[in-house]
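So the structure is just underneath, and the comments pick up after that.
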Amino acid sequence: MRESPRRLPFARILSTRIRDCLERINARVFQDNYPELLMWIYIMGGLGSVGTDDQGWFASMLAEAVRWAGTAEIRDLEIMCGDWLWTKLYVDTLSEGFWSDFEGALGGRGMVR
């Protein structure tokens, strides 16, 4: 997904399927056992949903996961999610809307980039 343009229908379809799956599981169990994986999944879903109604949902879920893990900065996410193929392309001009929604979901605390 990270190699295809995020505005293609494939990314949106994948993002919708990710959300559908996440809504059927107990995310708290994954948060406790695999926090980095769950944050990466929220990021992938969020980046794939840029410009859709799902973008805010993924941003809110990532903010909740970040608060749960005690993470406060983008570089912390980079470190935590680095094993899950983190790339600087996750934080670029195409994804600004997602990260802005994410910062808003953090309650204005903001992320240091």
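Convention: chains lettered A, B, ... in structure tokens order; per-chain residue numbering from 1; ligands numbered from 1 as shown.
Omitting Ile43 in chain A and its sequence neighbours fewer than 3 positions away, and counting only C-alpha atoms, the residues within 10 Å are A:Ser15, A:Leu37, A:Leu38, A:Met39, A:Trp40, A:Gly46, A:Leu47, A:Gly48, A:Ser49, A:Gln55, A:Phe58, A:Ala59, A:Met61, A:Leu62, A:Leu77, A:Cys81, A:Trp86, A:Tyr90, A:Phe98, A:Trp99, A:Phe102.
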I need the residues from that last selection saved to file as a CSV table (one decimal), in the first residue's frame (with N, CA, C and O atoms), if you can.
chain,number,residue,atom,x,y,z
A,15,SER,N,-8.3,0.6,3.2
A,15,SER,CA,-8.6,1.3,4.4
A,15,SER,C,-9.9,0.9,5.0
A,15,SER,O,-10.1,0.7,6.2
A,37,LEU,N,2.3,-2.7,16.5
A,37,LEU,CA,1.5,-3.2,15.3
A,37,LEU,C,0.2,-2.5,15.2
A,37,LEU,O,-0.2,-2.1,14.1
A,38,LEU,N,-0.5,-2.3,16.3
A,38,LEU,CA,-1.8,-1.7,16.2
A,38,LEU,C,-1.7,-0.2,15.8
A,38,LEU,O,-2.5,0.3,14.9
A,39,MET,N,-0.7,0.5,16.3
A,39,MET,CA,-0.5,1.9,15.9
A,39,MET,C,-0.2,1.9,14.4
A,39,MET,O,-0.7,2.8,13.6
A,40,TRP,N,0.7,1.0,13.9
A,40,TRP,CA,1.0,1.0,12.5
A,40,TRP,C,-0.2,0.7,11.6
A,40,TRP,O,-0.4,1.3,10.6
A,46,GLY,N,-5.3,5.1,8.2
A,46,GLY,CA,-5.5,6.5,8.1
A,46,GLY,C,-4.9,7.1,6.9
A,46,GLY,O,-5.5,8.0,6.2
A,47,LEU,N,-3.7,6.7,6.5
A,47,LEU,CA,-3.1,7.2,5.3
A,47,LEU,C,-3.9,6.8,4.0
A,47,LEU,O,-4.0,7.5,3.1
A,48,GLY,N,-4.4,5.6,4.1
A,48,GLY,CA,-5.2,5.1,3.0
A,48,GLY,C,-6.6,5.8,2.9
A,48,GLY,O,-7.2,5.8,1.8
A,49,SER,N,-7.0,6.4,4.0
A,49,SER,CA,-8.3,7.0,4.0
A,49,SER,C,-8.3,8.5,3.8
A,49,SER,O,-9.3,9.2,4.0
A,55,GLN,N,-10.9,8.9,7.7
A,55,GLN,CA,-9.7,9.6,8.1
A,55,GLN,C,-9.7,10.0,9.6
A,55,GLN,O,-8.8,9.7,10.3
A,58,PHE,N,-9.6,6.9,12.0
A,58,PHE,CA,-8.3,6.3,12.2
A,58,PHE,C,-7.4,7.3,13.0
A,58,PHE,O,-6.6,6.8,13.9
A,59,ALA,N,-7.5,8.6,12.8
A,59,ALA,CA,-6.8,9.6,13.6
A,59,ALA,C,-7.1,9.5,15.0
A,59,ALA,O,-6.2,9.5,15.9
A,61,MET,N,-8.4,6.9,16.6
A,61,MET,CA,-8.0,5.6,17.2
A,61,MET,C,-6.5,5.6,17.4
A,61,MET,O,-6.0,5.1,18.4
A,62,LEU,N,-5.7,6.2,16.5
A,62,LEU,CA,-4.3,6.3,16.7
A,62,LEU,C,-4.0,7.2,17.9
A,62,LEU,O,-3.1,6.9,18.7
A,77,LEU,N,6.7,7.6,17.4
A,77,LEU,CA,6.0,6.6,16.5
A,77,LEU,C,6.9,6.0,15.5
A,77,LEU,O,6.8,4.8,15.2
A,81,CYS,N,7.2,2.1,15.5
A,81,CYS,CA,6.7,1.4,14.3
A,81,CYS,C,7.7,1.1,13.3
A,81,CYS,O,7.4,0.6,12.2
A,86,TRP,N,8.3,1.6,8.7
A,86,TRP,CA,8.1,3.1,8.7
A,86,TRP,C,8.9,3.7,7.6
A,86,TRP,O,10.1,3.4,7.4
A,90,TYR,N,5.3,8.6,5.2
A,90,TYR,CA,4.1,8.6,6.0
A,90,TYR,C,3.8,10.0,6.5
A,90,TYR,O,2.6,10.3,6.8
A,98,PHE,N,-4.5,13.9,7.6
A,98,PHE,CA,-4.5,12.8,8.6
A,98,PHE,C,-3.8,13.2,9.9
A,98,PHE,O,-4.3,13.1,11.0
A,99,TRP,N,-2.6,13.7,9.7
A,99,TRP,CA,-1.8,14.1,10.9
A,99,TRP,C,-2.4,15.3,11.6
A,99,TRP,O,-2.4,15.4,12.8
A,102,PHE,N,-5.2,13.8,13.6
A,102,PHE,CA,-4.5,13.1,14.7
A,102,PHE,C,-4.2,14.1,15.8
A,102,PHE,O,-4.5,13.8,17.0
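CA of Ser100 in chain A to CA of Val50 in chain A spans 11.1 Å [interatomic distance, one decimal].
Between CA of Arg67 in chain A and CA of Phe30 in chain A the interatomic distance comes to 14.8 Å.
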May I have the residues within 10 Å of Asp32 in chain A as a PDB file with all heavy atoms, in the first residue's frame, using only C-alpha atoms and disregarding those fewer than 3 positions away in the same chain?
ATOM      1  N   ALA A  27      -9.797  -4.458  20.309  1.00  0.00           N
ATOM      2  CA  ALA A  27      -8.548  -3.722  20.068  1.00  0.00           C
ATOM      3  C   ALA A  27      -7.714  -3.588  21.336  1.00  0.00           C
ATOM      4  O   ALA A  27      -6.493  -3.480  21.266  1.00  0.00           O
ATOM      5  CB  ALA A  27      -8.852  -2.353  19.482  1.00  0.00           C
ATOM      6  N   ARG A  28      -8.352  -3.604  22.491  1.00  0.00           N
ATOM      7  CA  ARG A  28      -7.618  -3.472  23.757  1.00  0.00           C
ATOM      8  C   ARG A  28      -6.643  -4.632  23.935  1.00  0.00           C
ATOM      9  O   ARG A  28      -5.542  -4.453  24.427  1.00  0.00           O
ATOM     10  CB  ARG A  28      -8.622  -3.408  24.893  1.00  0.00           C
ATOM     11  CG  ARG A  28      -8.265  -2.683  26.116  1.00  0.00           C
ATOM     12  CD  ARG A  28      -7.554  -1.374  25.945  1.00  0.00           C
ATOM     13  NE  ARG A  28      -8.439  -0.254  25.990  1.00  0.00           N
ATOM     14  CZ  ARG A  28      -8.077   0.956  25.642  1.00  0.00           C
ATOM     15  NH1 ARG A  28      -6.862   1.208  25.237  1.00  0.00           N
ATOM     16  NH2 ARG A  28      -8.920   1.937  25.695  1.00  0.00           N
ATOM     17  N   VAL A  29      -7.045  -5.816  23.523  1.00  0.00           N
ATOM     18  CA  VAL A  29      -6.162  -6.983  23.620  1.00  0.00           C
ATOM     19  C   VAL A  29      -4.934  -6.767  22.741  1.00  0.00           C
ATOM     20  O   VAL A  29      -3.803  -7.008  23.155  1.00  0.00           O
ATOM     21  CB  VAL A  29      -6.903  -8.282  23.221  1.00  0.00           C
ATOM     22  CG1 VAL A  29      -5.934  -9.452  23.106  1.00  0.00           C
ATOM     23  CG2 VAL A  29      -7.997  -8.589  24.228  1.00  0.00           C
ATOM     24  N   PRO A  35       1.282  -3.196  20.802  1.00  0.00           N
ATOM     25  CA  PRO A  35       0.973  -1.769  20.622  1.00  0.00           C
ATOM     26  C   PRO A  35       1.554  -1.168  19.347  1.00  0.00           C
ATOM     27  O   PRO A  35       0.882  -0.377  18.675  1.00  0.00           O
ATOM     28  CB  PRO A  35       1.569  -1.113  21.871  1.00  0.00           C
ATOM     29  CG  PRO A  35       2.577  -2.083  22.391  1.00  0.00           C
ATOM     30  CD  PRO A  35       2.078  -3.448  21.997  1.00  0.00           C
ATOM     31  N   GLU A  36       2.768  -1.565  18.990  1.00  0.00           N
ATOM     32  CA  GLU A  36       3.385  -1.004  17.776  1.00  0.00           C
ATOM     33  C   GLU A  36       2.631  -1.437  16.528  1.00  0.00           C
ATOM     34  O   GLU A  36       2.407  -0.643  15.620  1.00  0.00           O
ATOM     35  CB  GLU A  36       4.856  -1.426  17.655  1.00  0.00           C
ATOM     36  CG  GLU A  36       5.729  -0.956  18.792  1.00  0.00           C
ATOM     37  CD  GLU A  36       5.789  -1.966  19.944  1.00  0.00           C
ATOM     38  OE1 GLU A  36       5.078  -2.998  19.916  1.00  0.00           O
ATOM     39  OE2 GLU A  36       6.547  -1.702  20.892  1.00  0.00           O
ATOM     40  N   LEU A  38      -0.541  -2.324  16.294  1.00  0.00           N
ATOM     41  CA  LEU A  38      -1.835  -1.671  16.220  1.00  0.00           C
ATOM     42  C   LEU A  38      -1.691  -0.217  15.787  1.00  0.00           C
ATOM     43  O   LEU A  38      -2.462   0.264  14.934  1.00  0.00           O
ATOM     44  CB  LEU A  38      -2.560  -1.749  17.562  1.00  0.00           C
ATOM     45  CG  LEU A  38      -4.008  -1.289  17.534  1.00  0.00           C
ATOM     46  CD1 LEU A  38      -4.836  -2.114  16.552  1.00  0.00           C
ATOM     47  CD2 LEU A  38      -4.607  -1.357  18.922  1.00  0.00           C
ATOM     48  N   ALA A  65      -4.448   5.146  20.978  1.00  0.00           N
ATOM     49  CA  ALA A  65      -3.350   4.187  21.133  1.00  0.00           C
ATOM     50  C   ALA A  65      -2.077   4.882  21.607  1.00  0.00           C
ATOM     51  O   ALA A  65      -1.329   4.344  22.430  1.00  0.00           O
ATOM     52  CB  ALA A  65      -3.089   3.458  19.815  1.00  0.00           C
ATOM     53  N   TRP A  68      -2.412   5.673  25.265  1.00  0.00           N
ATOM     54  CA  TRP A  68      -2.284   4.418  26.008  1.00  0.00           C
ATOM     55  C   TRP A  68      -0.812   4.030  26.149  1.00  0.00           C
ATOM     56  O   TRP A  68      -0.386   3.561  27.201  1.00  0.00           O
ATOM     57  CB  TRP A  68      -3.065   3.338  25.287  1.00  0.00           C
ATOM     58  CG  TRP A  68      -3.102   2.009  25.979  1.00  0.00           C
ATOM     59  CD1 TRP A  68      -2.285   0.955  25.745  1.00  0.00           C
ATOM     60  CD2 TRP A  68      -3.994   1.605  27.010  1.00  0.00           C
ATOM     61  NE1 TRP A  68      -2.615  -0.092  26.556  1.00  0.00           N
ATOM     62  CE2 TRP A  68      -3.660   0.284  27.365  1.00  0.00           C
ATOM     63  CE3 TRP A  68      -5.033   2.234  27.686  1.00  0.00           C
ATOM     64  CZ2 TRP A  68      -4.342  -0.426  28.341  1.00  0.00           C
ATOM     65  CZ3 TRP A  68      -5.712   1.524  28.662  1.00  0.00           C
ATOM     66  CH2 TRP A  68      -5.366   0.214  28.976  1.00  0.00           C
ATOM     67  N   ALA A  69      -0.026   4.257  25.097  1.00  0.00           N
ATOM     68  CA  ALA A  69       1.401   3.890  25.113  1.00  0.00           C
ATOM     69  C   ALA A  69       2.281   4.973  25.733  1.00  0.00           C
ATOM     70  O   ALA A  69       3.460   4.745  25.976  1.00  0.00           O
ATOM     71  CB  ALA A  69       1.872   3.600  23.693  1.00  0.00           C
TER      72      ALA A  69
END
